[in-house]
Amino acid sequence: MELKELYQEIILDHAKNPRNKGKCEGYNHHAKAHNPLCGDKVHIYLKLEDKNISGLSFEGEGCAISLASASILTDTLKGKDLQFSKKVTDDFLNMLKNKTKITLNSLSADQITTISSLSGVQEFPMRIKCATMAWHTLLSALENKGLK
Amino acid sequence: MELKELYQEIILDHAKNPRNKGKCEGYNHHAKAHNPLCGDKVHIYLKLEDKNISGLSFEGEGCAISLASASILTDTLKGKDLQFSKKVTDDFLNMLKNKTKITLNSLSADQITTISSLSGVQEFPMRIKCATMAWHTLLSALENKGLK
Amino acid sequence: MEFSNIKSKFPIFKRKIKGKPLIYLDSANSSQKPKTVIDEISRFYENDFSNVGRSVHTLAVKATNKFEETRDIVKSYINAKHREEIIFTKGATEAINLVANTYGEKYISPGDEILVTELEHHSNYVPWHYLRKKKGAVIKFASVNDNGEIDVNEFKKHITGKTKMIAFTHISNVTGTIMPVKKIIDLAKTKNIPVLIDGTQGAPHSILDVQDLDCDFYAISCHKMYGPNGLGVLYAQKKWVDELPPYQGGGGMISEVKKDKISYAESPTKFEAGTMQTAEVVAFAKSIKFIQDLGIKNIENHESKILEYGLEKLRKDNSVNIIGNPTNRASIMSFTIKGIHPHDIATILDDDGIAIRAGHHCCQILHEKLGIPASARASIGVYNNKEDIDVLCESIKKCKKVFQI
Amino acid sequence: MEFSNIKSKFPIFKRKIKGKPLIYLDSANSSQKPKTVIDEISRFYENDFSNVGRSVHTLAVKATNKFEETRDIVKSYINAKHREEIIFTKGATEAINLVANTYGEKYISPGDEILVTELEHHSNYVPWHYLRKKKGAVIKFASVNDNGEIDVNEFKKHITGKTKMIAFTHISNVTGTIMPVKKIIDLAKTKNIPVLIDGTQGAPHSILDVQDLDCDFYAISCHKMYGPNGLGVLYAQKKWVDELPPYQGGGGMISEVKKDKISYAESPTKFEAGTMQTAEVVAFAKSIKFIQDLGIKNIENHESKILEYGLEKLRKDNSVNIIGNPTNRASIMSFTIKGIHPHDIATILDDDGIAIRAGHHCCQILHEKLGIPASARASIGVYNNKEDIDVLCESIKKCKKVFQI
Ligand SMILES: Cc1ncc(COP(=O)(O)O)c(C=O)c1O
Ligand SMILES: Cc1ncc(COP(=O)(O)O)c(C=O)c1O
């Protein structure tokens, strides 16, 4: 049953108990996004130090998919190298767009399982935006050079 | 054949040799109309004296039906009493709208034949406006109180 | 026609969704089309198609007559006085834009006020917002009370000497609130303020008599009346169709065109620029016939029975919060479930073949006021029945199971 | 697909007009629809219908995907660079109004000049006239020469430092003149002036490559491309869809709506307010497929053979005066017959089953220049053949007989 693929335990857990909520201390990049269709909102905060994402958090409201996605994103990339994070983001977006698998060596098996839990969204085209919004917003935040 | 009903001898004659073309002398009422779909134009001039249409003429360009109609109108109503002319106009418009016959006593048999020649238009709905425009314009001219 | 076998008149109900029968509860979004309407579109394109109002050949004459016949049918159906008061548009959105644009151009000066409500669909707010931007108009909002109602006194409070338009929805597309339309219009008349009714949700569910209402403008979306998409109707009182300038410019709407000046046709042509929808207009006559065959009074009864049944059943579920509690409500139940986002509800319901809408339903102002970003909306059409509600309620239980609530 | 049995793909040709086979020579007005297009409308309404871009249930997803697929198909067909450059409208008329209105609002100041031509359809003049009225713009007209042509030098003559837009037709709907589009655009580019092409007559008859043309805007009417009525396409270059303000306001085109401010969606959504045509957009994909199956190059060849044949035959008749004699001409023959008004010609031809158009064809300025109030127009589509022309010429003889000329 596809529905179970979509609402996996991991996702429900992240949706109900989102990690890294709020503004992370000393953040120096941020960006927000909004899906006018359903009202989902996400605001990503990050602290970039020496090409390292030393702080990463989000504020937002939305469906389980969008909350879980933002939560998983912050959990996975916090403390990670900038280039690496961009690569993970590309891979994630690719997974949803082209149904590819995530296979990065430097992610732990656990992390891959977690990220991949969002792959169930593939079968729900109208929900893909819910899953990708946070990741696109991360990319915007990285482009956004201004302090706060 | 309906086409022959439409383009009767009388109509072709009036279309090719329209009667009462130009501005009648001393006209004191006039009105013009325009069918934007086909470009037909008509301008009715009339001289009203003591509730009598002593002068009546038209200028215009258009299809055979519209020219013939204007020509027949002027020919029929010139010199006629105002009330009577309105009645004929009503009867004419009615003939085309409701397929009634023209039976006014005070028109000569000839005049009835002439006017009725336009009844072939009944079967050509898109051409009814061509046939009625001059008559509607006459009514406007009568309402139009201004000298010239 | 009977409501008992009415789904059989709509081909879509032959379809299975994820192996289950389609339970369509999204009619406030767009209604499904009966076979008679769909067939009329094909029939027309296959046998009679031609552009209307342009040529004099047989097909053009037939097409033009059929097109204009629908105008007469709409005129009678809403009891308009003159056929030139019926203007075909792309939808209610275009209808309201037409009024805001042309009325605004001629009558709105800086500081003039437009009174709308917190219930309005974006279609009845954004076009007025343009006048705020372009003309310096001021927009005021009549507030909803806790039940999702707005009474005539709330309007009275906001009317000033500068109020130049009152624009509000006949029926809310979120709460289902039936507005006290007649009272508000009567109030407006005493102050000589024109009134536009957004009838998008009103027209499919209510008896319409625009002469009795005496509103200045009434906007309709044909696709919510079991008619074709991409088509709407603007009813505008005679004095307005005479006084307002044209909207879009193009073929058909002109009288005489010169290099230095242009004069315009009379209404309705003046407002119908360019090649119009054709098969759609022709087929809309069948939508009205469909409604008339059922009887709009019967439709009201049928739908309100299902609505009552649904509200009652939903109210029994403590985790379900129904939005609004208006005394007069039509066909619409919006709700939230604590702990489950409406988008997730919609996805889970869809798995049971149920089509509802989740989101702000183009009413962000209302949702902001309610303090929720989104809601789930089940809306009722002629083809729904109590069993549909039962399936809905079962599936809501499933939502809670999936979310372990 | 073969041209030889192509009428069989169009159900309308089963129809008899006054007992005779239909000879449809009014495609420049609106084209007939192939069965594949008509069937797709029914199929969609019967199986897949839902409003697009609003809900997340299965039908809504399917409908939205089909709708957006057509956007991609149009994008490829006209070789646009970005899918957001493709905006669905009610027709070419709305497309041009959209540009005139939004571009005008942002970029036109009193005294700014808009350069159009004497060949323009009212749809490509009246919207600019509005800017003359509202914004104090000046409209200049590039003149046609005796052959009905306008060369690039004629445009050059009228360009000044104040020229803010050049808007002209790809193919004249009266003379059939194919304009030197590329040359004019190249000229405009050297002066940094945006160009709008009215492609209403161009799109059904020509290979389209908007990247190669490099025009800023290109307007299309789907109903002249064997597609549904009430639908058009505006192609607008990326920079414009980003820079221009929205047109109509309503559902779908917003980003965030508050009581005091509104922000808008990205293109194309920004320009598609309210519930859109749905079945029509979906079915338009089949129109493009129909054209592609035939091959637009083959269509051009087929039609130009018939055009040549028709022109030659008509030229032999001394009482027939063909309007314009352009070197590059497509699919259209307008003419007058001395002593017979075009309206009468159309009526007599209709009696033989022939559908042509009589009037000014929404080109009063051109007709005034030609010194005639109206003309008769026979226009050619994919389904016409030389026999159609033979019947036309016989019937023209009959006109003269009826009028005893
Ligand atoms: C050259 C030209 N431009 C514009 C239009 C307007 O197109 P539509 O009526 O489909 O909006 C037409 C067709 O009527 C046309 O022939
Ligand atoms: C209350 C209300 N007003 C206006 C609209 C806009 O109608 P349309 O999208 O058909 O133009 C809708 C429907 O979406 C609506 O529900």
# chains A, B, ... in the order shown; residues from 1 in each chain; ligands from 1
$ residues_around --residues "Val195 (chain C)" --least-positions-apart "6" --cutoff "12 Å" --atoms "only C-alpha atoms" --output "ChimeraX atom specification"
/C:96,99-100,103,114-116,155,163-170,181-189,210,213-219,235-237,240
$ interface_residues --of "chain D" --to "chain B" --cutoff "6 Å" --atoms "only C-alpha atoms" --output "PyMOL selection string"
chain D and resi 341+343+359+373
$ write_last_selection --atoms "C-alpha atoms" --output "PDB file, in the first residue's frame"
ATOM      1  CA  HIS D 341     -21.830  43.463 -52.434  1.00  0.00           C
ATOM      2  CA  HIS D 343     -22.645  40.136 -48.257  1.00  0.00           C
ATOM      3  CA  GLY D 359     -17.329  42.088 -44.262  1.00  0.00           C
ATOM      4  CA  PRO D 373     -16.520  49.010 -47.121  1.00  0.00           C
TER       5      PRO D 373
END
$ interface_residues --of "chain C" --to "chain D" --cutoff "6 Å" --atoms "only C-alpha atoms" --output "PyMOL selection string"
chain C and resi 11-12+30+38+42+46-47+51+55+57+93+122-123+126-127+229-230+249-251+257-258+274+276-277+350+355+357+362+364-365
$ write_last_selection --atoms "N, CA, C and O atoms" --output "short mmCIF file (atom, residue, chain, number, x, y, z; two decimals), in the first residue's frame"
data_model
loop_
_atom_site.label_atom_id
_atom_site.label_comp_id
_atom_site.auth_asym_id
_atom_site.auth_seq_id
_atom_site.Cartn_x
_atom_site.Cartn_y
_atom_site.Cartn_z
N PRO C 11 -20.72 10.64 -16.58
CA PRO C 11 -19.81 9.55 -16.97
C PRO C 11 -18.64 9.35 -16.01
O PRO C 11 -18.17 8.22 -15.86
N ILE C 12 -18.18 10.42 -15.37
CA ILE C 12 -16.99 10.29 -14.53
C ILE C 12 -17.17 9.26 -13.43
O ILE C 12 -16.19 8.66 -12.98
N SER C 30 -14.73 22.68 -8.71
CA SER C 30 -15.35 22.63 -10.03
C SER C 30 -16.26 21.41 -10.03
O SER C 30 -15.91 20.38 -9.46
N ILE C 38 -21.55 17.22 -22.00
CA ILE C 38 -20.37 16.76 -22.74
C ILE C 38 -20.76 16.44 -24.19
O ILE C 38 -20.08 16.82 -25.14
N SER C 42 -19.53 17.91 -28.14
CA SER C 42 -19.13 17.11 -29.32
C SER C 42 -20.10 17.33 -30.48
O SER C 42 -19.69 17.52 -31.62
N GLU C 46 -19.07 18.71 -34.03
CA GLU C 46 -19.14 17.75 -35.14
C GLU C 46 -20.12 18.17 -36.23
O GLU C 46 -19.96 17.80 -37.38
N ASN C 47 -21.14 18.93 -35.83
CA ASN C 47 -22.20 19.21 -36.80
C ASN C 47 -22.41 20.67 -37.15
O ASN C 47 -22.79 20.99 -38.27
N ASN C 51 -17.45 29.97 -36.25
CA ASN C 51 -17.30 31.16 -35.43
C ASN C 51 -18.65 31.88 -35.39
O ASN C 51 -19.42 31.80 -36.33
N SER C 55 -19.75 35.62 -39.76
CA SER C 55 -20.02 35.31 -41.16
C SER C 55 -21.52 35.13 -41.37
O SER C 55 -22.30 35.04 -40.41
N HIS C 57 -22.75 32.62 -43.57
CA HIS C 57 -23.07 31.32 -44.15
C HIS C 57 -23.88 30.48 -43.15
O HIS C 57 -24.00 30.83 -41.98
N THR C 93 -13.93 35.02 -12.32
CA THR C 93 -12.75 35.87 -12.13
C THR C 93 -12.70 36.96 -13.18
O THR C 93 -12.53 38.14 -12.87
N HIS C 122 -10.06 35.24 -3.38
CA HIS C 122 -9.09 36.18 -3.97
C HIS C 122 -9.63 36.85 -5.23
O HIS C 122 -9.27 37.98 -5.55
N SER C 123 -10.51 36.15 -5.93
CA SER C 123 -11.09 36.72 -7.15
C SER C 123 -11.92 37.96 -6.88
O SER C 123 -12.14 38.76 -7.77
N VAL C 126 -8.44 40.64 -5.18
CA VAL C 126 -7.28 41.10 -5.97
C VAL C 126 -7.68 42.16 -7.02
O VAL C 126 -6.99 43.17 -7.16
N PRO C 127 -8.80 41.98 -7.75
CA PRO C 127 -9.16 43.02 -8.74
C PRO C 127 -9.40 44.38 -8.09
O PRO C 127 -9.11 45.42 -8.69
N ASN C 229 -15.84 24.29 -18.57
CA ASN C 229 -14.82 25.17 -17.99
C ASN C 229 -14.46 26.29 -18.96
O ASN C 229 -14.77 26.23 -20.14
N GLY C 230 -13.81 27.28 -18.41
CA GLY C 230 -13.39 28.40 -19.26
C GLY C 230 -14.55 29.28 -19.67
O GLY C 230 -14.48 29.97 -20.68
N GLY C 249 -10.06 44.98 -25.76
CA GLY C 249 -10.29 45.53 -27.10
C GLY C 249 -9.99 44.49 -28.16
O GLY C 249 -9.05 43.71 -28.01
N GLY C 250 -10.78 44.48 -29.23
CA GLY C 250 -10.50 43.52 -30.29
C GLY C 250 -11.65 43.44 -31.28
O GLY C 250 -12.47 44.36 -31.37
N GLY C 251 -11.70 42.32 -31.98
CA GLY C 251 -12.75 42.13 -32.97
C GLY C 251 -14.12 42.02 -32.31
O GLY C 251 -14.22 41.58 -31.17
N VAL C 257 -13.96 51.89 -36.58
CA VAL C 257 -12.54 52.00 -36.24
C VAL C 257 -11.84 52.87 -37.27
O VAL C 257 -11.88 52.58 -38.46
N LYS C 258 -11.25 53.95 -36.78
CA LYS C 258 -10.46 54.82 -37.66
C LYS C 258 -9.07 54.96 -37.07
O LYS C 258 -8.82 54.56 -35.93
N GLY C 274 -13.09 39.71 -29.31
CA GLY C 274 -12.39 38.54 -29.85
C GLY C 274 -13.31 37.36 -30.01
O GLY C 274 -14.50 37.40 -29.68
N MET C 276 -15.11 34.25 -29.19
CA MET C 276 -15.58 33.77 -27.89
C MET C 276 -15.53 32.25 -27.84
O MET C 276 -15.44 31.58 -28.86
N GLN C 277 -15.66 31.72 -26.62
CA GLN C 277 -15.99 30.32 -26.46
C GLN C 277 -17.27 30.09 -27.27
O GLN C 277 -18.15 30.94 -27.30
N ASP C 350 -7.89 10.52 -0.53
CA ASP C 350 -7.78 10.17 -1.95
C ASP C 350 -7.52 8.67 -2.11
O ASP C 350 -7.98 8.05 -3.07
N ALA C 355 -12.41 12.67 -3.27
CA ALA C 355 -11.78 13.90 -3.74
C ALA C 355 -12.28 15.08 -2.91
O ALA C 355 -13.47 15.42 -2.96
N ARG C 357 -10.78 19.09 -1.24
CA ARG C 357 -9.71 20.06 -1.46
C ARG C 357 -9.05 20.42 -0.15
O ARG C 357 -9.72 20.52 0.88
N CYS C 362 -8.17 29.74 -1.81
CA CYS C 362 -8.13 31.12 -2.31
C CYS C 362 -8.76 32.10 -1.33
O CYS C 362 -9.32 33.12 -1.76
N GLN C 364 -7.06 33.45 1.75
CA GLN C 364 -5.99 33.56 2.75
C GLN C 364 -6.39 34.47 3.89
O GLN C 364 -6.00 34.25 5.04
N ILE C 365 -7.15 35.51 3.59
CA ILE C 365 -7.51 36.46 4.64
C ILE C 365 -8.37 35.79 5.70
O ILE C 365 -8.15 35.95 6.90
#
$ select_by_dssp --residues "region 54-145 of chain C" --states "helix (DSSP H, G or I)" --output "JSON, numbers by chain"
{"C": [58, 59, 60, 61, 62, 63, 64, 65, 66, 67, 68, 69, 70, 71, 72, 73, 74, 75, 76, 77, 83, 84, 85, 92, 93, 94, 95, 96, 97, 98, 99, 100, 101, 102, 103, 104, 105, 106, 107, 122, 123, 124, 126, 127, 128, 129, 130, 131, 132, 133, 134, 135]}
$ residues_around --residues "Ser69 (chain B)" --least-positions-apart "3" --cutoff "10 Å" --atoms "only C-alpha atoms" --output "PyMOL selection string"
chain B and resi 11+14-15+18+63-66+72-75+114-115+117-118+130-135
$ write_last_selection --atoms "C-alpha atoms" --output "PDB file, in the first residue's frame"
ATOM      1  CA  ILE B  11     -35.118  44.051 -55.113  1.00  0.00           C
ATOM      2  CA  HIS B  14     -34.119  48.933 -56.319  1.00  0.00           C
ATOM      3  CA  ALA B  15     -30.580  47.893 -55.393  1.00  0.00           C
ATOM      4  CA  PRO B  18     -32.032  53.185 -55.713  1.00  0.00           C
ATOM      5  CA  CYS B  63     -25.570  45.014 -49.897  1.00  0.00           C
ATOM      6  CA  ALA B  64     -28.459  44.669 -52.312  1.00  0.00           C
ATOM      7  CA  ILE B  65     -30.871  43.968 -49.482  1.00  0.00           C
ATOM      8  CA  SER B  66     -29.981  47.031 -47.464  1.00  0.00           C
ATOM      9  CA  ILE B  72     -38.327  50.920 -51.065  1.00  0.00           C
ATOM     10  CA  LEU B  73     -38.797  52.626 -47.733  1.00  0.00           C
ATOM     11  CA  THR B  74     -38.348  56.092 -49.174  1.00  0.00           C
ATOM     12  CA  ASP B  75     -40.478  55.280 -52.172  1.00  0.00           C
ATOM     13  CA  THR B 114     -42.969  45.958 -53.397  1.00  0.00           C
ATOM     14  CA  ILE B 115     -42.621  45.986 -49.640  1.00  0.00           C
ATOM     15  CA  SER B 117     -40.675  41.506 -51.843  1.00  0.00           C
ATOM     16  CA  LEU B 118     -38.369  41.896 -48.861  1.00  0.00           C
ATOM     17  CA  CYS B 130     -29.678  44.374 -43.695  1.00  0.00           C
ATOM     18  CA  ALA B 131     -33.386  44.656 -44.436  1.00  0.00           C
ATOM     19  CA  THR B 132     -34.454  46.355 -41.226  1.00  0.00           C
ATOM     20  CA  MET B 133     -31.680  48.855 -40.691  1.00  0.00           C
ATOM     21  CA  ALA B 134     -33.173  51.618 -42.815  1.00  0.00           C
ATOM     22  CA  TRP B 135     -36.541  51.266 -41.105  1.00  0.00           C
TER      23      TRP B 135
END
$ residues_around --residues "Pro268 (chain D)" --least-positions-apart "6" --cutoff "9 Å" --atoms "only C-alpha atoms" --output "ChimeraX atom specification"
/D:83-88,241,253
$ atom_distance --atom1 "CA of Lys62 (chain C)" --atom2 "CA of Lys9 (chain D)"
22.1 Å
$ select_by_dssp --residues "region 257-331 of chain D" --states "strand (DSSP E or B)" --output "PyMOL selection string"
chain D and resi 257+262-264+320-322+329
$ write_last_selection --atoms "all heavy atoms" --output "mmCIF file, in the first residue's frame"
data_model
loop_
_atom_site.group_PDB
_atom_site.id
_atom_site.type_symbol
_atom_site.label_atom_id
_atom_site.label_comp_id
_atom_site.auth_asym_id
_atom_site.auth_seq_id
_atom_site.Cartn_x
_atom_site.Cartn_y
_atom_site.Cartn_z
ATOM 1 N N VAL D 257 -1.541 36.739 0.224
ATOM 2 C CA VAL D 257 -2.587 37.752 0.221
ATOM 3 C C VAL D 257 -2.849 38.205 1.653
ATOM 4 O O VAL D 257 -3.186 37.392 2.510
ATOM 5 C CB VAL D 257 -3.882 37.191 -0.393
ATOM 6 C CG1 VAL D 257 -5.024 38.202 -0.284
ATOM 7 C CG2 VAL D 257 -3.662 36.799 -1.846
ATOM 8 N N ILE D 262 -0.418 42.363 -1.360
ATOM 9 C CA ILE D 262 -0.540 41.091 -2.091
ATOM 10 C C ILE D 262 0.758 40.868 -2.848
ATOM 11 O O ILE D 262 1.307 41.804 -3.435
ATOM 12 C CB ILE D 262 -1.725 41.167 -3.085
ATOM 13 C CG1 ILE D 262 -3.041 41.299 -2.311
ATOM 14 C CG2 ILE D 262 -1.760 39.948 -3.999
ATOM 15 C CD1 ILE D 262 -4.277 41.432 -3.179
ATOM 16 N N SER D 263 1.253 39.643 -2.807
ATOM 17 C CA SER D 263 2.386 39.341 -3.675
ATOM 18 C C SER D 263 1.959 38.242 -4.648
ATOM 19 O O SER D 263 1.046 37.470 -4.373
ATOM 20 C CB SER D 263 3.611 38.929 -2.861
ATOM 21 O OG SER D 263 3.306 37.766 -2.123
ATOM 22 N N TYR D 264 2.611 38.198 -5.779
ATOM 23 C CA TYR D 264 2.124 37.375 -6.871
ATOM 24 C C TYR D 264 3.012 36.164 -7.121
ATOM 25 O O TYR D 264 4.190 36.153 -6.788
ATOM 26 C CB TYR D 264 2.002 38.228 -8.136
ATOM 27 C CG TYR D 264 1.063 39.394 -7.902
ATOM 28 C CD1 TYR D 264 1.548 40.686 -7.754
ATOM 29 C CD2 TYR D 264 -0.310 39.182 -7.761
ATOM 30 C CE1 TYR D 264 0.677 41.746 -7.489
ATOM 31 C CE2 TYR D 264 -1.173 40.229 -7.500
ATOM 32 C CZ TYR D 264 -0.674 41.507 -7.360
ATOM 33 O OH TYR D 264 -1.524 42.535 -7.089
ATOM 34 N N VAL D 320 -13.880 39.934 -61.143
ATOM 35 C CA VAL D 320 -13.368 39.685 -59.791
ATOM 36 C C VAL D 320 -12.097 40.496 -59.556
ATOM 37 O O VAL D 320 -11.173 40.466 -60.366
ATOM 38 C CB VAL D 320 -13.063 38.181 -59.589
ATOM 39 C CG1 VAL D 320 -12.338 37.962 -58.252
ATOM 40 C CG2 VAL D 320 -14.349 37.367 -59.643
ATOM 41 N N ASN D 321 -12.086 41.217 -58.443
ATOM 42 C CA ASN D 321 -10.910 41.983 -58.072
ATOM 43 C C ASN D 321 -10.297 41.385 -56.805
ATOM 44 O O ASN D 321 -10.903 41.442 -55.739
ATOM 45 C CB ASN D 321 -11.325 43.444 -57.840
ATOM 46 C CG ASN D 321 -10.185 44.247 -57.256
ATOM 47 O OD1 ASN D 321 -9.031 44.065 -57.651
ATOM 48 N ND2 ASN D 321 -10.504 45.097 -56.281
ATOM 49 N N ILE D 322 -9.119 40.797 -56.946
ATOM 50 C CA ILE D 322 -8.466 40.188 -55.781
ATOM 51 C C ILE D 322 -7.725 41.273 -54.996
ATOM 52 O O ILE D 322 -7.013 42.094 -55.579
ATOM 53 C CB ILE D 322 -7.474 39.094 -56.210
ATOM 54 C CG1 ILE D 322 -8.232 38.013 -56.987
ATOM 55 C CG2 ILE D 322 -6.780 38.483 -54.992
ATOM 56 C CD1 ILE D 322 -7.348 36.978 -57.612
ATOM 57 N N ARG D 329 2.441 35.154 -49.966
ATOM 58 C CA ARG D 329 1.049 35.146 -49.544
ATOM 59 C C ARG D 329 0.690 33.763 -49.011
ATOM 60 O O ARG D 329 1.167 32.755 -49.521
ATOM 61 C CB ARG D 329 0.144 35.480 -50.728
ATOM 62 C CG ARG D 329 -1.336 35.550 -50.354
ATOM 63 C CD ARG D 329 -2.244 35.405 -51.574
ATOM 64 N NE ARG D 329 -2.316 36.578 -52.420
ATOM 65 C CZ ARG D 329 -3.369 37.402 -52.491
ATOM 66 N NH1 ARG D 329 -4.431 37.206 -51.761
ATOM 67 N NH2 ARG D 329 -3.365 38.421 -53.321
#
$ closest_residue --among "D:Cys399, D:Glu272, D:Lys156, D:Glu387" --to "ligand 2" --atoms "only C-alpha atoms and all ligand atoms"
D:Glu272
$ atom_distance --atom1 "CA of Glu312 (chain D)" --atom2 "CA of Gln292 (chain D)"
29.4 Å
$ residues_around --residues "region 98-105 of chain A" --least-positions-apart "5" --cutoff "7 Å" --atoms "only C-alpha atoms" --output "mmCIF file with N, CA, C and O atoms, in the first residue's frame"
data_model
loop_
_atom_site.group_PDB
_atom_site.id
_atom_site.type_symbol
_atom_site.label_atom_id
_atom_site.label_comp_id
_atom_site.auth_asym_id
_atom_site.auth_seq_id
_atom_site.Cartn_x
_atom_site.Cartn_y
_atom_site.Cartn_z
ATOM 1 N N ASP A 91 21.299 15.321 -4.846
ATOM 2 C CA ASP A 91 20.906 13.913 -4.878
ATOM 3 C C ASP A 91 19.476 13.721 -4.393
ATOM 4 O O ASP A 91 18.710 12.934 -4.945
ATOM 5 N N PHE A 92 19.136 14.466 -3.369
ATOM 6 C CA PHE A 92 17.778 14.355 -2.841
ATOM 7 C C PHE A 92 16.754 14.818 -3.883
ATOM 8 O O PHE A 92 15.766 14.131 -4.160
ATOM 9 N N ILE A 112 21.040 7.656 5.293
ATOM 10 C CA ILE A 112 20.499 7.314 3.970
ATOM 11 C C ILE A 112 19.083 6.772 4.122
ATOM 12 O O ILE A 112 18.179 7.153 3.388
ATOM 13 N N SER A 116 15.973 8.634 2.561
ATOM 14 C CA SER A 116 15.261 7.855 1.555
ATOM 15 C C SER A 116 13.813 7.604 1.946
ATOM 16 O O SER A 116 12.986 7.276 1.100
ATOM 17 N N GLN A 122 7.522 10.117 -4.348
ATOM 18 C CA GLN A 122 7.578 9.943 -5.803
ATOM 19 C C GLN A 122 6.226 9.579 -6.400
ATOM 20 O O GLN A 122 5.876 10.014 -7.488
#
$ decode --residues "region 133-143 of chain C" --atoms "N, CA, C and O atoms" --output "PDB file, in the first residue's frame"
ATOM      1  N   LYS C 133      -4.001  50.089  -5.881  1.00  0.00           N
ATOM      2  CA  LYS C 133      -2.678  50.413  -6.423  1.00  0.00           C
ATOM      3  C   LYS C 133      -2.732  51.515  -7.477  1.00  0.00           C
ATOM      4  O   LYS C 133      -1.915  52.420  -7.502  1.00  0.00           O
ATOM      5  N   LYS C 134      -3.708  51.379  -8.393  1.00  0.00           N
ATOM      6  CA  LYS C 134      -3.691  52.261  -9.560  1.00  0.00           C
ATOM      7  C   LYS C 134      -4.443  53.555  -9.340  1.00  0.00           C
ATOM      8  O   LYS C 134      -4.164  54.563  -9.967  1.00  0.00           O
ATOM      9  N   LYS C 135      -5.482  53.487  -8.483  1.00  0.00           N
ATOM     10  CA  LYS C 135      -6.378  54.632  -8.388  1.00  0.00           C
ATOM     11  C   LYS C 135      -6.374  55.232  -6.991  1.00  0.00           C
ATOM     12  O   LYS C 135      -7.127  56.163  -6.724  1.00  0.00           O
ATOM     13  N   GLY C 136      -5.616  54.651  -6.095  1.00  0.00           N
ATOM     14  CA  GLY C 136      -5.610  55.183  -4.731  1.00  0.00           C
ATOM     15  C   GLY C 136      -6.893  54.894  -3.971  1.00  0.00           C
ATOM     16  O   GLY C 136      -7.251  55.616  -3.034  1.00  0.00           O
ATOM     17  N   ALA C 137      -7.610  53.846  -4.370  1.00  0.00           N
ATOM     18  CA  ALA C 137      -8.823  53.473  -3.639  1.00  0.00           C
ATOM     19  C   ALA C 137      -8.440  52.880  -2.278  1.00  0.00           C
ATOM     20  O   ALA C 137      -7.298  52.478  -2.061  1.00  0.00           O
ATOM     21  N   VAL C 138      -9.406  52.857  -1.376  1.00  0.00           N
ATOM     22  CA  VAL C 138      -9.198  52.278  -0.054  1.00  0.00           C
ATOM     23  C   VAL C 138     -10.095  51.042   0.039  1.00  0.00           C
ATOM     24  O   VAL C 138     -11.253  51.085  -0.385  1.00  0.00           O
ATOM     25  N   ILE C 139      -9.562  49.948   0.557  1.00  0.00           N
ATOM     26  CA  ILE C 139     -10.394  48.748   0.702  1.00  0.00           C
ATOM     27  C   ILE C 139     -10.728  48.539   2.165  1.00  0.00           C
ATOM     28  O   ILE C 139      -9.841  48.569   3.030  1.00  0.00           O
ATOM     29  N   LYS C 140     -11.999  48.372   2.441  1.00  0.00           N
ATOM     30  CA  LYS C 140     -12.418  48.062   3.804  1.00  0.00           C
ATOM     31  C   LYS C 140     -12.984  46.651   3.854  1.00  0.00           C
ATOM     32  O   LYS C 140     -13.551  46.179   2.865  1.00  0.00           O
ATOM     33  N   PHE C 141     -12.842  46.041   5.006  1.00  0.00           N
ATOM     34  CA  PHE C 141     -13.277  44.652   5.152  1.00  0.00           C
ATOM     35  C   PHE C 141     -14.371  44.530   6.209  1.00  0.00           C
ATOM     36  O   PHE C 141     -14.139  44.894   7.370  1.00  0.00           O
ATOM     37  N   ALA C 142     -15.517  44.034   5.833  1.00  0.00           N
ATOM     38  CA  ALA C 142     -16.522  43.663   6.831  1.00  0.00           C
ATOM     39  C   ALA C 142     -16.034  42.365   7.480  1.00  0.00           C
ATOM     40  O   ALA C 142     -15.587  41.441   6.787  1.00  0.00           O
ATOM     41  N   SER C 143     -16.119  42.315   8.827  1.00  0.00           N
ATOM     42  CA  SER C 143     -15.538  41.184   9.568  1.00  0.00           C
ATOM     43  C   SER C 143     -16.531  40.042   9.733  1.00  0.00           C
ATOM     44  O   SER C 143     -17.719  40.272   9.938  1.00  0.00           O
TER      45      SER C 143
END
